[in-house]
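Note sheet for the following structure.
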Amino acid sequence: MAGGDGYGCTLYNKMLSTLKIGSQHKIRVNNAGGSISERRPTIQYIPKGVQGLLGDKTTLTCIFSSYPTSEVVWSKIGDDLPVGRWSYKRKTHGRMLELRDLRMEDKGWYQCEADNRVFPPTQERVYLDVKAAPYWIQEPANIISAVGETAQLVCEAGGDPKPKYEFYMNGEALGNKVGDFDRRYRISGADQNILLLPNVEKDLDTAVYQCNASNEFGYIWTNAYVNVLAEPPVWLTKPLPKYNLVNTVDGELHCETFAAPKAKVKWFKNKDELPENDKYEILENGNLKIVNVAFRDKGTYLCVARNTFGSENASTEVLVRSKTVFTKTPESTQADVTESVSFSCEADADDEAILEIDWLKDGEQIDFDLSDRVNADASHTSLTISEVLFADRGEYTCKATAYITLANGKAGLLDEISAVARLAVQGPPDPPVDVSLKDCGVKTAVIAWMAGAENDSPILRFHIQYQADFKPGEWQDVASTGDADTTEYRVNVPPWGNYTFRVIAENDKGKSQPSDETENCQTPAAAPNTNPRNVKGNGTEPNNLVINWTPMERAEHNGPGFFYQVKYRKHDPDNPDGEWVVVNITDPNNSSITIEPTETYEPYDIEVTAFNDLGPATIPPVQMVGYSGEDKPVVVPMNFNVTEVLGPKTAEFEWEPVADGVENIKGAFVGYKIKTWTVAEGRDGLRTTLVKPDQTRARVENLKPYSDIVAVIVVWNGVYEGDESDPQSLFPTPEGPPGPVDRFEAYPLGPQKIVLHWQLPLEPNGNLLGYEVVHQTVNGTRIGPEVAIGDIDDPMQRKATLTSLEPDTKYRVTIRAKTGAGLGDPNYVETKTALEGVPAVPIVILADKNDTSVVIAWEQPDEGIPGSFFYVRYRKAGDDKWQDSEPDYINDQIVLSPLEPGTKYEVKVVAGNGDTDDLKAESAPQEVVTDGDDSVATAGWFIGMMIAIAILILILIIVCLIKRNRGGKYPVQEKEAALGKDPEKGDDEGGFPEYNQPLTQEPTDPLKGSHPSLNSDVKPMGSETDSMAEYGDGEGGKFNEDGSFIGQYGGDNKKRAPEQQEQPSALSTFV
């Protein structure tokens, strides 16, 4: 206040422009010093009660005085403060609590608690009462009512206090209505909120009605329309002309009408009214329900619907059909990923019905066009899923639907049934999720995760892996949990590295894919915690020592500046503290150091320690003893000889011992080596037996039987052998049982035969005398008794056949070769005889071809009896005769060769289960053409034509010769005279005189100085224009009395000179 008289509170009203001053208070200040005393919280103001309105906001106030100033905290007794709808007003220290969007449940006691951190808290309470203006709970609905019915309008509102209700008709309050209506309406309900209109009339009661709900905080108002109808029955759903009901299933016949007032419905069967009982029920809509339909329920049914304004009726025919039932239902199963599964489903329906089977997965129709892996057979009675995936798991439903043909020709639903089977797909689990790094320490890290899906096989364990920054992309197993419940694990990690982790789940189907990686874990450096392993000291030469170790991994270095410290000294038991030679190896990848020169086979103490910048390894190195290199022994065993031959493979030897010591053995005395070989094989067949160094007698059991054996002995120090003993020992071994036959094979030949093939034993061990063959039946793990087929006395035999066997039976066939020493080692095979019957027709495949060969392959069909052997029949296209290849018992293809290039062949594959044709099946012929051109020179038609032409030419030659040589006598003498010759004189020299002596010719004669040529203008001898007279011009009197040519083969021809004989005659030129 002015003048310092005191303090007061001033209130100012802006609306009224008034000011009001409260009482004054004086404050006295104690000048004596000291501090204000602490005071406990004391309530100064709290309302007795607060009222709020639904949907509005309100404020609760609670004022305390205290020193220090108290903080006030609000709470609701018995409940929480409304979430998101409360807050403290600013700068009030919590004294004012504001509640927004009030609800009825906010009503109740609220507590304010003041705490000044000095005295115990003080609490006070205030009650909040929430009021509400009316609001609708249920508004009256529009009504369509029939004449004579009771219409009801329900009007329900909420509010606090409870609302009061008033009803209006067309805006006029019903309380003010006079006349008959006042006596006809009725208000009911606990809150008088229901308007009843009994026995309504169309013209009187059709109107708009209003409901008003009000209390002191407000009111609400709404309209509802009442429509009163008077209508005869009209069909909504008329009975069908015919119903196909299903035996043992409830059926329903339609008879639904609209009428005002509602029509009364009656049903008749074969003119008799149906009573309502457990068998027949007339539903609210007029339909007739027939419970548990039986075949006796067929017949004619009549529906009649009637009210005061009219009626409707309709009849229908009811037929009863057999119910669709399953004869085979799919069964639940489980499969591993990539396996195949099948479901089977079969059903029977009424004889007149059409049955369809559909498949659904998880309630959705399967579209078989969307996947090649999911298929159904033609009748949909079998569903097959190939190479199952996790996405295939779920419920598979077989739905069998029966349709019946209706009068209009369309198919109508008769009934349908369903059967469900579940497919569980087992496989490796899904990767773990939410993998995180919870802790990263000096040498450990904590990894946490959540398991992924098990995929129908329980998870057994988890594997934790880490990846180091110095080996990116390389994941190492660091730990595995012992169970599936562990989802957090502490693992050891090396120092001085950056690591990320991942987790892999495992079940009995395999391991999951790796999880996502964790964040990075960086560990600090530390001294190495281990030393190199596998430290060894050995010499590679007689004068060196090589110290070896396994290099340590980068993860074992534990810090920067890593190196190996190698220490060595001569081993001296009398001086265990001798001085070390120290060598540091700074290359972490180095694994050896060579010390030289040294004495031969001298012991050394060796240590290898790991170091880094933080010091040596935390564990001491292991000290070991190594030796420098060995040299060749200088001693040879004396008097080595065989003492006794004990069998085909065994003999005993003895010798004198050698002097021990490093100076003799040049290393550790490991022992002796007895070396043997046969004279026939030489040292290529060397066999060695190692004998201990303290022995001078030994038995060798690896000799080759029936051979001349050479044996020597040497000293062995583990690296070098000494010189061989001298002289060598030579002795024979007796005959022994042979080894097993080689390449023993068996092939079923039909249902009762097995063909055997084998080769000679690789180790006959003597003179083979033959073979013994037995067979036994095999049934699971049980082996039947041996059955012998008789001894084979021919040692060169390679084939045998077992007969009179059981079809479709597994046999074990055992063969032993024999020598004079007895039966040898057995060799056996197992095979199964074929099923009895004709084999399935093989599928033919052209695998390859070239000019002169084709490769014909085949496949066994999936169904039917498999063949025991196969062969190919082939022929040229157009030929009648087929050729057969050799039968094949092993392979699935045969090469046909040699064939003709560019030629069409027909081929077919024959499968057999026996020798007779009734146990064979052959494929349909297929055509194949070899590569290359079909040469005319090699074509059959061309060769035939050329032969025919040659024959015709030969016939023509013979005819010509005959014609030339036939006829009367020729004037040979006159012809000779005309040529200036004396026919009486003859030719002394014989032959053809025109070639052995010159003829008189004119200088212009073109024949002078030359012989006739076939290409000259002069006609050659034997031309088609020649006459027999012209023959005479070139040949001297060699015709018989009738003019025939007799000089061609005459003896005079033999007297010709060689140069004369080379000249061709007319006949030889022609031919």
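Please note that chains go A, B, ... in the order of the structure tokens, that every chain numbers its residues from 1, and that ligands are numbered from 1 in the order shown.
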
Exercise. Region 26-228 of chain A: which residues are alpha helix (DSSP H) by DSSP, as number ranges by chain?
Worked result: A: 180-184, 202-205

Residues as selected, C-alpha atoms, written as a PDB file, in the first residue's frame, can you do that?
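Result went into again.pdb, see below:
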```
ATOM      1  CA  ASP A 180     -60.300 -40.728 -30.307  1.00  0.00           C
ATOM      2  CA  PHE A 181     -56.554 -40.540 -30.596  1.00  0.00           C
ATOM      3  CA  ASP A 182     -56.191 -39.421 -26.992  1.00  0.00           C
ATOM      4  CA  ARG A 183     -57.825 -42.613 -25.923  1.00  0.00           C
ATOM      5  CA  ARG A 184     -55.750 -44.848 -28.282  1.00  0.00           C
ATOM      6  CA  LYS A 202     -53.916 -46.430 -42.325  1.00  0.00           C
ATOM      7  CA  ASP A 203     -55.545 -42.990 -42.537  1.00  0.00           C
ATOM      8  CA  LEU A 204     -55.521 -42.211 -38.847  1.00  0.00           C
ATOM      9  CA  ASP A 205     -52.046 -43.257 -37.699  1.00  0.00           C
TER      10      ASP A 205
END
```

Exercise. Can you tell me, as a PyMOL selection string, what residues are no more than 8 Å from region 73-80 of chain A when counting only C-alpha atoms, ignoring any on the same chain fewer than 3 positions away?
Worked result: chain A and resi 83+94-95+97+108-114

Once you have the residues from the selection above, write them out as a short mmCIF file (atom, residue, chain, number, x, y, z; two decimals), in the first residue's frame, restricted to N, CA, C and O atoms.
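Output saved as out_22.cif:
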```cif
data_model
loop_
_atom_site.label_atom_id
_atom_site.label_comp_id
_atom_site.auth_asym_id
_atom_site.auth_seq_id
_atom_site.Cartn_x
_atom_site.Cartn_y
_atom_site.Cartn_z
N VAL A 83 -6.01 -40.47 -19.15
CA VAL A 83 -4.82 -40.40 -20.00
C VAL A 83 -5.03 -39.39 -21.11
O VAL A 83 -6.04 -39.41 -21.82
N GLY A 94 1.60 -26.98 -9.36
CA GLY A 94 0.70 -28.11 -9.28
C GLY A 94 -0.59 -27.83 -8.54
O GLY A 94 -1.40 -28.75 -8.35
N ARG A 95 -0.82 -26.59 -8.09
CA ARG A 95 -2.01 -26.33 -7.30
C ARG A 95 -3.29 -26.44 -8.11
O ARG A 95 -4.35 -26.68 -7.55
N LEU A 97 -5.32 -28.31 -11.20
CA LEU A 97 -5.40 -29.46 -12.12
C LEU A 97 -6.52 -29.20 -13.12
O LEU A 97 -7.68 -29.01 -12.72
N GLY A 108 -15.88 -38.40 -9.39
CA GLY A 108 -15.30 -39.08 -8.24
C GLY A 108 -14.43 -38.15 -7.41
O GLY A 108 -14.37 -36.93 -7.62
N TRP A 109 -13.74 -38.75 -6.41
CA TRP A 109 -12.88 -37.99 -5.51
C TRP A 109 -11.48 -37.86 -6.09
O TRP A 109 -10.92 -38.82 -6.61
N TYR A 110 -10.93 -36.63 -5.94
CA TYR A 110 -9.56 -36.35 -6.38
C TYR A 110 -8.77 -35.87 -5.16
O TYR A 110 -9.32 -35.19 -4.27
N GLN A 111 -7.50 -36.23 -5.10
CA GLN A 111 -6.66 -35.90 -3.95
C GLN A 111 -5.49 -35.04 -4.40
O GLN A 111 -4.85 -35.33 -5.42
N CYS A 112 -5.23 -33.94 -3.61
CA CYS A 112 -4.04 -33.14 -3.84
C CYS A 112 -3.09 -33.34 -2.67
O CYS A 112 -3.51 -33.37 -1.52
N GLU A 113 -1.81 -33.52 -2.97
CA GLU A 113 -0.81 -33.79 -1.92
C GLU A 113 0.29 -32.74 -2.04
O GLU A 113 0.88 -32.58 -3.11
N ALA A 114 0.54 -32.01 -0.91
CA ALA A 114 1.56 -30.97 -0.87
C ALA A 114 2.79 -31.49 -0.15
O ALA A 114 2.68 -32.09 0.92
#
```

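Near Thr384 (chain A), within 6 Å and counting only C-alpha atoms, sit Val341, Ser342, Val374 and Asn375 of chain A; same-chain residues fewer than 3 positions away were not included.
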
For this session: Go through region 302-423 of chain A and collect every residue that DSSP, computed from the backbone, puts in strand (DSSP E); the answer should be as number ranges by chain.
Result: A: 302-307, 310-321, 325-328, 333-336, 341-344, 346-348, 354-361, 364-365, 374-376, 382-385, 394-405, 411-423

Problem set entry | Residue neighbourhood Gly158 (chain A), 7 Å, only C-alpha atoms, exclusion window fewer than 2 positions, as number ranges by chain | A: 134-137, 162-163

Can those selected residues be exported to a file as a tab-separated table (two decimals), in the first residue's frame so that it contains N, CA, C and O atoms?
```tsv
chain	number	residue	atom	x	y	z
A	134	PRO	N	-28.80	-33.80	-22.28
A	134	PRO	CA	-29.29	-35.03	-22.92
A	134	PRO	C	-28.49	-35.38	-24.19
A	134	PRO	O	-28.08	-34.49	-24.95
A	135	TYR	N	-28.31	-36.68	-24.41
A	135	TYR	CA	-27.68	-37.19	-25.63
A	135	TYR	C	-28.34	-38.51	-25.96
A	135	TYR	O	-28.85	-39.21	-25.08
A	136	TRP	N	-28.37	-38.82	-27.25
A	136	TRP	CA	-29.12	-40.00	-27.71
A	136	TRP	C	-28.38	-41.31	-27.41
A	136	TRP	O	-27.20	-41.43	-27.66
A	137	ILE	N	-29.13	-42.21	-26.85
A	137	ILE	CA	-28.68	-43.61	-26.74
A	137	ILE	C	-29.35	-44.43	-27.83
A	137	ILE	O	-28.72	-45.22	-28.50
A	162	LYS	N	-31.43	-37.26	-15.25
A	162	LYS	CA	-32.13	-38.00	-16.28
A	162	LYS	C	-33.05	-37.09	-17.07
A	162	LYS	O	-33.77	-36.28	-16.48
A	163	PRO	N	-33.07	-37.26	-18.41
A	163	PRO	CA	-33.97	-36.43	-19.22
A	163	PRO	C	-35.43	-36.84	-19.04
A	163	PRO	O	-35.75	-37.97	-18.66
```

Exercise. What's the 9 Å shell around region 909-914 of chain A, counting only C-alpha atoms, without same-chain residues fewer than 3 positions away, as a PyMOL selection string?
Worked result: chain A and resi 748-753+834-844+856-858+866-874+917-925

For this session: Just the residues within 10 Å of Arg812 (chain A), please, counting only C-alpha atoms, with nothing from its chain fewer than 6 positions along; format it as a PyMOL selection string.
Result: chain A and resi 746+774-778+783-784+786+828-832

Seminar exercise, completed: Pairwise distance, CA of Leu288 (chain A) with CA of Glu252 (chain A), equals 5.5 Å

For this session: For Gly780 (chain A), work out the shell of residues within 12 Å, counting only C-alpha atoms and skipping chain neighbours fewer than 5 positions away, then give it as an NGL selection string.
Result: :A and (809-812)
